[in-house]
Amino acid sequence: MNILISSTSGEPIYAQIVAQIRQLILQGELVSGTPLPSIRLLAKELQISVITTKRAYEELEREGLINSIVGKGSFVSGADQEFIKEQRLRMLELKLKEIIDESRMLSLNYAELTDMLKLLYEEEQE
């Protein structure tokens with residue numbers, strides 16, 4: 001698992017870990033039952049505090065994306081496909097919000113934005 005930490009992003013390190021592991025799970029790169037590195041191993045690899053990695057894993061567990069079993073480790077949960085779809089839709093909505101904000105800053109109207117989206121969507125299907 002390749003996690004990159006940015007010291008200049010302004011985002012807390014634990015949140016960067018959560019976001020990257022969440023992304024891997026929601027994209028299907030980490031499937032149900034996949035073991036995650038131990039908290040200590042991940043902390044060592046990233047050269048960060050064990051407390052930071054523990055906080056990231058706890059957050060992922062609260063979200064239902066991983067399960068931690070004392071003495072065995074942490075694993076990608078068997079979250080149902082509906083839950084994963086809902087999480088991915090939430091991520092899509094956030095990206096669309098960013099696009100809408102950017103289009104407003106460029107003074108694009110709704111018709112221009114939908115035309116652009118339609119053109120790109122159809123281009124990808126060819």
# chains A, B, ... in the order shown; residues from 1 in each chain; ligands from 1

call {"tool": "residues_around", "arguments": {"residues": "A:Pro12", "least_positions_apart": "3", "cutoff": "12 Å", "atoms": "only C-alpha atoms", "output": "MDAnalysis selection string"}}
result
chainID A and resid 5:9 15:19 48 52:53 55:56

call {"tool": "write_last_selection", "arguments": {"atoms": "N, CA and C atoms", "output": "short mmCIF file (atom, residue, chain, number, x, y, z; two decimals), in the first residue's frame"}}
result
data_model
loop_
_atom_site.label_atom_id
_atom_site.label_comp_id
_atom_site.auth_asym_id
_atom_site.auth_seq_id
_atom_site.Cartn_x
_atom_site.Cartn_y
_atom_site.Cartn_z
N ILE A 5 2.52 11.13 2.26
CA ILE A 5 2.21 12.17 3.24
C ILE A 5 2.83 13.48 2.79
N SER A 6 2.03 14.53 2.79
CA SER A 6 2.52 15.85 2.43
C SER A 6 2.61 16.71 3.68
N SER A 7 3.78 17.26 3.92
CA SER A 7 3.95 18.12 5.09
C SER A 7 3.51 19.56 4.77
N THR A 8 3.22 19.83 3.52
CA THR A 8 2.84 21.19 3.12
C THR A 8 1.35 21.35 2.81
N SER A 9 0.58 20.26 2.91
CA SER A 9 -0.82 20.32 2.49
C SER A 9 -1.71 21.08 3.46
N ALA A 15 -5.60 12.53 8.66
CA ALA A 15 -6.66 12.73 7.67
C ALA A 15 -6.17 12.35 6.27
N GLN A 16 -4.89 12.60 5.99
CA GLN A 16 -4.31 12.21 4.70
C GLN A 16 -4.32 10.69 4.56
N ILE A 17 -3.98 10.00 5.66
CA ILE A 17 -3.99 8.54 5.64
C ILE A 17 -5.40 8.02 5.43
N VAL A 18 -6.36 8.57 6.18
CA VAL A 18 -7.76 8.16 6.06
C VAL A 18 -8.24 8.35 4.63
N ALA A 19 -7.98 9.52 4.07
CA ALA A 19 -8.46 9.83 2.71
C ALA A 19 -7.89 8.86 1.68
N ILE A 48 6.08 8.32 11.11
CA ILE A 48 5.18 9.15 11.90
C ILE A 48 4.88 8.45 13.21
N THR A 52 -0.74 8.69 15.58
CA THR A 52 -1.33 9.23 14.36
C THR A 52 -1.95 8.12 13.52
N THR A 53 -1.23 7.01 13.36
CA THR A 53 -1.76 5.88 12.57
C THR A 53 -2.96 5.28 13.26
N ARG A 55 -5.08 6.76 15.17
CA ARG A 55 -6.21 7.68 14.97
C ARG A 55 -6.83 7.50 13.58
N ALA A 56 -5.98 7.32 12.57
CA ALA A 56 -6.47 7.11 11.19
C ALA A 56 -7.27 5.81 11.11
#

call {"tool": "select_by_dssp", "arguments": {"residues": "chain A", "states": "strand (DSSP E or B)", "output": "list of chain:residue names"}}
result
A:Pro35, A:Ile66, A:Asn67, A:Ser68, A:Ile69, A:Gly73, A:Ser74, A:Phe75, A:Val76

call {"tool": "residues_around", "arguments": {"residues": "A:Gly73", "least_positions_apart": "4", "cutoff": "10 Å", "atoms": "only C-alpha atoms", "output": "ChimeraX atom specification"}}
result
/A:35-39,67-69

call {"tool": "atom_distance", "arguments": {"atom1": "atom CA of A:Ile66", "atom2": "atom CA of A:Arg90"}}
result
18.4 Å

call {"tool": "closest_residue", "arguments": {"among": "A:Leu117, A:Ile25, A:Ala43, A:Val70", "to": "A:Ile13", "atoms": "only C-alpha atoms"}}
result
A:Ala43

call {"tool": "atom_distance", "arguments": {"atom1": "atom CA of A:Lys54", "atom2": "atom CA of A:Gly10"}}
result
19.8 Å

call {"tool": "atom_distance", "arguments": {"atom1": "atom CA of A:Leu65", "atom2": "atom CA of A:Gly78"}}
result
7.9 Å
